[in-house]
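Trainee: To be precise about what I am sending: the file is called work.cif and holds mmCIF, C-alpha atoms.
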```cif
data_work
#
loop_
_atom_site.label_atom_id
_atom_site.label_comp_id
_atom_site.auth_asym_id
_atom_site.auth_seq_id
_atom_site.Cartn_x
_atom_site.Cartn_y
_atom_site.Cartn_z
CA MET A 25 213.12 85.99 137.91
CA ARG A 26 213.22 82.34 138.98
CA ALA A 27 210.01 80.38 139.48
CA ARG A 28 209.63 77.21 141.54
CA PRO A 29 206.44 75.13 141.74
CA LEU A 30 205.33 74.35 145.29
CA ALA A 31 203.85 71.12 146.64
CA VAL A 32 200.34 72.57 146.28
CA ASP A 33 199.04 72.28 142.72
CA GLY A 34 199.19 75.65 140.94
CA ALA A 35 201.12 77.49 143.69
CA PHE A 36 204.56 78.97 142.95
CA GLU A 37 207.51 80.65 144.60
CA PHE A 38 209.12 83.52 142.67
CA THR A 39 212.60 84.97 143.33
CA PRO A 40 213.50 88.19 141.51
CA ARG A 41 216.97 89.24 140.43
CA SER A 42 218.40 92.06 142.57
CA PHE A 43 220.49 94.96 141.21
CA PRO A 44 222.70 96.43 144.00
CA ASP A 45 224.99 99.45 143.74
CA GLU A 46 226.50 102.06 146.05
CA ARG A 47 223.05 103.68 146.55
CA GLY A 48 221.28 100.47 147.60
CA ARG A 49 219.50 98.13 145.25
CA PHE A 50 216.58 97.76 142.86
CA LEU A 51 214.33 94.75 142.22
CA SER A 52 210.85 93.86 141.00
CA PRO A 53 208.91 91.49 143.31
CA PHE A 54 206.22 90.93 140.65
CA GLN A 55 206.97 90.53 136.94
CA GLU A 56 204.05 89.63 134.69
CA PRO A 57 206.03 87.86 131.93
CA ALA A 58 207.69 85.52 134.45
CA PHE A 59 204.35 84.97 136.21
CA ALA A 60 202.63 84.12 132.92
CA GLU A 61 205.40 81.74 131.82
CA ALA A 62 205.34 79.81 135.12
CA THR A 63 201.59 79.65 135.71
CA GLY A 64 200.27 79.56 132.17
CA HIS A 65 198.01 82.52 132.98
CA ARG A 66 198.02 85.62 130.80
CA GLY A 67 198.26 87.98 133.74
CA PHE A 68 197.39 88.76 137.33
CA PRO A 69 194.48 91.25 137.57
CA VAL A 70 195.13 93.30 140.72
CA ALA A 71 191.93 94.60 142.33
CA GLN A 72 193.48 95.61 145.66
CA THR A 73 196.80 95.72 147.51
CA ASN A 74 196.97 94.93 151.23
CA HIS A 75 199.63 95.29 153.93
CA SER A 76 199.79 93.65 157.34
CA HIS A 77 202.15 94.60 160.18
CA SER A 78 202.84 91.89 162.77
CA ARG A 79 204.80 91.45 165.96
CA GLN A 80 207.20 88.54 166.25
CA GLY A 81 205.34 85.34 167.06
CA VAL A 82 202.07 86.34 165.38
CA LEU A 83 200.27 83.61 163.43
CA ARG A 84 197.72 84.75 160.85
CA GLY A 85 195.53 82.22 159.07
CA VAL A 86 194.63 79.80 157.70
CA HIS A 87 192.58 82.24 155.59
CA PHE A 88 190.75 81.73 152.30
CA THR A 89 187.97 83.36 150.28
CA ALA A 90 184.60 81.77 149.57
CA THR A 91 184.55 80.28 146.09
CA PRO A 92 182.82 81.57 144.08
CA PRO A 93 183.86 84.35 143.73
CA GLY A 94 187.29 83.20 144.93
CA GLN A 95 190.50 85.16 145.13
CA ALA A 96 194.10 84.62 144.02
CA LYS A 97 197.00 86.19 145.96
CA TYR A 98 200.59 87.21 145.31
CA VAL A 99 202.43 87.77 148.60
CA TYR A 100 205.88 89.02 149.63
CA CYS A 101 207.61 90.42 152.73
CA PRO A 102 209.38 93.79 152.28
CA TYR A 103 210.45 94.07 155.94
CA GLY A 104 211.00 91.55 158.71
CA ARG A 105 210.82 87.80 158.19
CA SER A 106 207.96 85.34 157.87
CA LEU A 107 207.30 81.67 157.37
CA ASP A 108 204.66 81.63 154.65
CA ILE A 109 202.36 78.60 154.51
CA VAL A 110 200.29 77.50 151.52
CA VAL A 111 197.51 74.95 152.14
CA ASP A 112 195.40 73.20 149.51
CA LEU A 113 191.76 73.38 150.66
CA ARG A 114 190.19 72.56 147.27
CA THR A 115 188.14 69.37 147.48
CA GLY A 116 188.94 67.15 144.51
CA SER A 117 192.42 68.63 144.05
CA PRO A 118 195.26 66.16 143.48
CA THR A 119 197.09 67.87 146.36
CA PHE A 120 194.09 68.39 148.71
CA GLY A 121 195.21 68.80 152.33
CA ARG A 122 198.87 69.24 151.38
CA CYS A 123 200.87 72.27 152.50
CA ASP A 124 204.20 73.88 151.64
CA THR A 125 206.27 76.69 153.14
CA VAL A 126 208.46 79.51 151.87
CA LEU A 127 210.69 81.77 153.95
CA LEU A 128 209.85 85.35 152.97
CA GLU A 129 212.20 88.23 153.83
CA PRO A 130 213.86 91.19 152.08
CA ARG A 131 217.22 89.53 151.49
CA TYR A 132 215.98 87.54 148.50
CA PHE A 133 212.50 89.08 148.17
CA ARG A 134 210.86 85.76 147.37
CA ALA A 135 207.13 85.92 146.65
CA VAL A 136 204.38 83.31 146.73
CA TYR A 137 201.49 82.94 144.31
CA LEU A 138 198.35 81.30 145.74
CA PRO A 139 195.74 80.30 143.15
CA VAL A 140 191.99 80.55 143.72
CA GLY A 141 190.78 78.33 146.58
CA VAL A 142 194.16 77.84 148.27
CA GLY A 143 194.51 78.70 151.96
CA HIS A 144 197.17 81.04 153.33
CA ALA A 145 198.85 81.45 156.71
CA PHE A 146 202.09 82.90 157.98
CA VAL A 147 204.12 83.23 161.16
CA ALA A 148 206.02 86.47 161.80
CA LEU A 149 209.58 85.46 162.71
CA ALA A 150 210.78 89.01 163.47
CA GLU A 151 209.40 92.19 165.02
CA HIS A 152 207.67 94.59 162.64
CA THR A 153 207.14 92.01 159.93
CA LEU A 154 205.38 93.60 156.97
CA MET A 155 203.50 91.52 154.42
CA THR A 156 202.32 92.87 151.08
CA TYR A 157 199.50 91.21 149.16
CA LEU A 158 198.36 91.71 145.59
CA VAL A 159 194.83 90.27 145.37
CA THR A 160 192.38 89.76 142.54
CA SER A 161 189.23 90.92 144.35
CA SER A 162 188.29 93.68 146.77
CA TYR A 163 187.86 92.93 150.47
CA ALA A 164 184.42 91.60 151.38
CA PRO A 165 184.17 90.53 155.06
CA ASP A 166 181.31 88.08 154.46
CA LEU A 167 183.44 86.13 151.97
CA GLU A 168 186.56 85.83 154.12
CA LEU A 169 186.81 82.41 155.80
CA ALA A 170 189.29 80.74 158.14
CA LEU A 171 190.40 77.32 159.37
CA ASP A 172 191.97 76.36 162.68
CA PRO A 173 195.74 76.46 162.07
CA MET A 174 196.26 74.10 165.01
CA ASP A 175 194.12 71.37 163.44
CA PRO A 176 196.16 68.13 163.68
CA GLU A 177 194.76 67.03 160.32
CA LEU A 178 196.40 70.02 158.64
CA ALA A 179 199.65 69.39 160.54
CA LEU A 180 201.10 72.78 159.62
CA PRO A 181 204.88 73.00 160.13
CA LEU A 182 204.67 75.75 162.76
CA PRO A 183 207.84 76.78 164.61
CA GLU A 184 208.34 75.47 168.13
CA GLY A 185 208.75 77.81 171.05
CA PRO A 186 206.51 80.29 172.87
CA GLU A 187 202.77 80.21 172.18
CA LEU A 188 201.93 81.94 168.93
CA LEU A 189 199.76 85.07 169.01
CA MET A 190 196.45 84.55 167.18
CA SER A 191 193.22 86.46 166.71
CA GLU A 192 190.05 85.25 168.41
CA ARG A 193 188.60 84.63 164.96
CA ASP A 194 191.42 82.25 164.04
CA ARG A 195 191.25 80.48 167.42
CA ALA A 196 187.53 79.84 166.92
CA ALA A 197 187.82 78.76 163.27
CA PRO A 198 186.60 75.28 162.27
CA THR A 199 188.88 72.34 161.57
CA LEU A 200 189.33 71.02 158.04
CA ALA A 201 186.82 68.21 158.72
CA GLU A 202 184.27 70.64 160.19
CA ALA A 203 184.66 73.01 157.23
CA HIS A 204 184.16 70.07 154.86
CA ASP A 205 180.97 69.05 156.71
CA GLN A 206 179.75 72.66 156.58
CA GLY A 207 180.28 72.72 152.81
CA ILE A 208 182.47 75.84 152.88
CA LEU A 209 185.60 74.39 151.28
CA PRO A 210 186.21 75.36 147.65
CA ARG A 211 185.74 72.75 144.92
CA TYR A 212 188.78 72.18 142.72
CA ALA A 213 186.77 72.20 139.47
CA ASP A 214 185.12 75.51 140.41
CA CYS A 215 188.50 77.02 141.27
CA LEU A 216 189.99 76.06 137.92
CA ALA A 217 186.99 77.47 136.05
CA LEU A 218 187.13 80.73 138.00
CA ALA A 219 190.88 80.99 137.42
CA GLU A 220 190.33 80.69 133.66
CA GLU A 221 187.91 83.64 133.78
CA LEU A 222 190.13 85.62 136.14
CA HIS A 223 193.32 85.32 134.13
CA ALA A 224 191.77 85.42 130.64
#
```
Turn the structure described in the file into structure tokens.
Mentor:
Amino acid sequence: MRARPLAVDGAFEFTPRSFPDERGRFLSPFQEPAFAEATGHRGFPVAQTNHSHSRQGVLRGVHFTATPPGQAKYVYCPYGRSLDIVVDLRTGSPTFGRCDTVLLEPRYFRAVYLPVGVGHAFVALAEHTLMTYLVTSSYAPDLELALDPMDPELALPLPEGPELLMSERDRAAPTLAEAHDQGILPRYADCLALAEELHA
């Protein structure tokens, strides 16, 4: 498995080796030894797995979890095609406000690791796009937060074309500046401390 650091501190892209034969192929989207070597963490404690199914043109995010408790994610796309977007929302981070993208699809089965406090969004580039998430905490609605993906300050590299389909929650989400004023953005130091406990 190949690992590539992204422009957001602590985030990585992983590409597994594929083993094709006359029956099809076999691969492992998540491999703990490769994850540990790249991130420096001992492991990835999975508390829950999630799947989302999206029509072409759907934009989900920018989503993040209140910190504490925080949540780390490992995401891949087993069917369809998506533009995955990682956004650093951690105040005090050396890459605060920066974003990076990875094309996720089942040809290469790339995956993205998002550390605690990092925001996530994606655009479905094909019909019936499936996204699979390994997450380190169970779903708690009161802890799930969002930012406006159209915020000019974030300047997300969204594809041009027809208007993207978004939930009402994402349309009404605060901008980065508003979230900062509301005190809901994660603090980088807290995220690092929580990650140490999480991956111990």
Trainee: Selected by the PyMOL selection byres ((chain A and resi 150-164) around 7) in the shown coordinates: which residues, as a compact mmCIF listing (two decimals) with C-alpha atoms, keeping the file's coordinate frame?
Mentor:
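Here's the written file out-v1.txt:
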```
# COMPACT_ATOMS: atom_id res chain seq x y z
CA PRO A 69 194.48 91.25 137.57
CA VAL A 70 195.13 93.30 140.72
CA ALA A 71 191.93 94.60 142.33
CA GLN A 72 193.48 95.61 145.66
CA THR A 73 196.80 95.72 147.51
CA ASN A 74 196.97 94.93 151.23
CA HIS A 75 199.63 95.29 153.93
CA SER A 76 199.79 93.65 157.34
CA HIS A 77 202.15 94.60 160.18
CA SER A 78 202.84 91.89 162.77
CA ARG A 79 204.80 91.45 165.96
CA GLN A 80 207.20 88.54 166.25
CA GLN A 95 190.50 85.16 145.13
CA ALA A 96 194.10 84.62 144.02
CA LYS A 97 197.00 86.19 145.96
CA TYR A 98 200.59 87.21 145.31
CA VAL A 99 202.43 87.77 148.60
CA TYR A 100 205.88 89.02 149.63
CA CYS A 101 207.61 90.42 152.73
CA PRO A 102 209.38 93.79 152.28
CA TYR A 103 210.45 94.07 155.94
CA GLY A 104 211.00 91.55 158.71
CA ARG A 105 210.82 87.80 158.19
CA ALA A 148 206.02 86.47 161.80
CA LEU A 149 209.58 85.46 162.71
CA PRO A 165 184.17 90.53 155.06
CA ASP A 166 181.31 88.08 154.46
CA LEU A 167 183.44 86.13 151.97
CA GLU A 168 186.56 85.83 154.12
```
Trainee: Which is closer to Gly94 of chain A than all the others in A:Phe120, A:Val142, A:Glu177, A:Met25, using only C-alpha atoms?
Mentor: A:Val142
Trainee: Residue by residue, what does the PyMOL selection byres ((chain A and resi 140) around 9) grab here? Present the result as a ChimeraX atom specification.
Mentor: /A:88-89,91,93-97,114,138-139,141-143,210,215-216,218-219
Trainee: Quick one: residues within 10 Å of segment 27-29 of chain A, all atoms listed in the file counted, chain neighbours fewer than 3 positions away excluded, as a ChimeraX atom specification?
Mentor: /A:32-40,58-59,61-63,134-137
Trainee: Would you save the residues of that selection, restricted to C-alpha atoms, as a PDB file, keeping the file's coordinate frame?
Mentor:
```pdb
ATOM      1  CA  VAL A  32     200.340  72.570 146.280  1.00  0.00           C
ATOM      2  CA  ASP A  33     199.040  72.280 142.720  1.00  0.00           C
ATOM      3  CA  GLY A  34     199.190  75.650 140.940  1.00  0.00           C
ATOM      4  CA  ALA A  35     201.120  77.490 143.690  1.00  0.00           C
ATOM      5  CA  PHE A  36     204.560  78.970 142.950  1.00  0.00           C
ATOM      6  CA  GLU A  37     207.510  80.650 144.600  1.00  0.00           C
ATOM      7  CA  PHE A  38     209.120  83.520 142.670  1.00  0.00           C
ATOM      8  CA  THR A  39     212.600  84.970 143.330  1.00  0.00           C
ATOM      9  CA  PRO A  40     213.500  88.190 141.510  1.00  0.00           C
ATOM     10  CA  ALA A  58     207.690  85.520 134.450  1.00  0.00           C
ATOM     11  CA  PHE A  59     204.350  84.970 136.210  1.00  0.00           C
ATOM     12  CA  GLU A  61     205.400  81.740 131.820  1.00  0.00           C
ATOM     13  CA  ALA A  62     205.340  79.810 135.120  1.00  0.00           C
ATOM     14  CA  THR A  63     201.590  79.650 135.710  1.00  0.00           C
ATOM     15  CA  ARG A 134     210.860  85.760 147.370  1.00  0.00           C
ATOM     16  CA  ALA A 135     207.130  85.920 146.650  1.00  0.00           C
ATOM     17  CA  VAL A 136     204.380  83.310 146.730  1.00  0.00           C
ATOM     18  CA  TYR A 137     201.490  82.940 144.310  1.00  0.00           C
TER      19      TYR A 137
END
```
Trainee: Please identify all polymer residues within 7 Å of Ile109 of chain A, counting all atoms listed in the file, omitting same-chain residues fewer than 6 positions from it, and present them as a list in words.
Mentor: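 Here the answer would be Cys123, Asp124, Thr125, Val126, His144, Ala145 and Phe146 of chain A.
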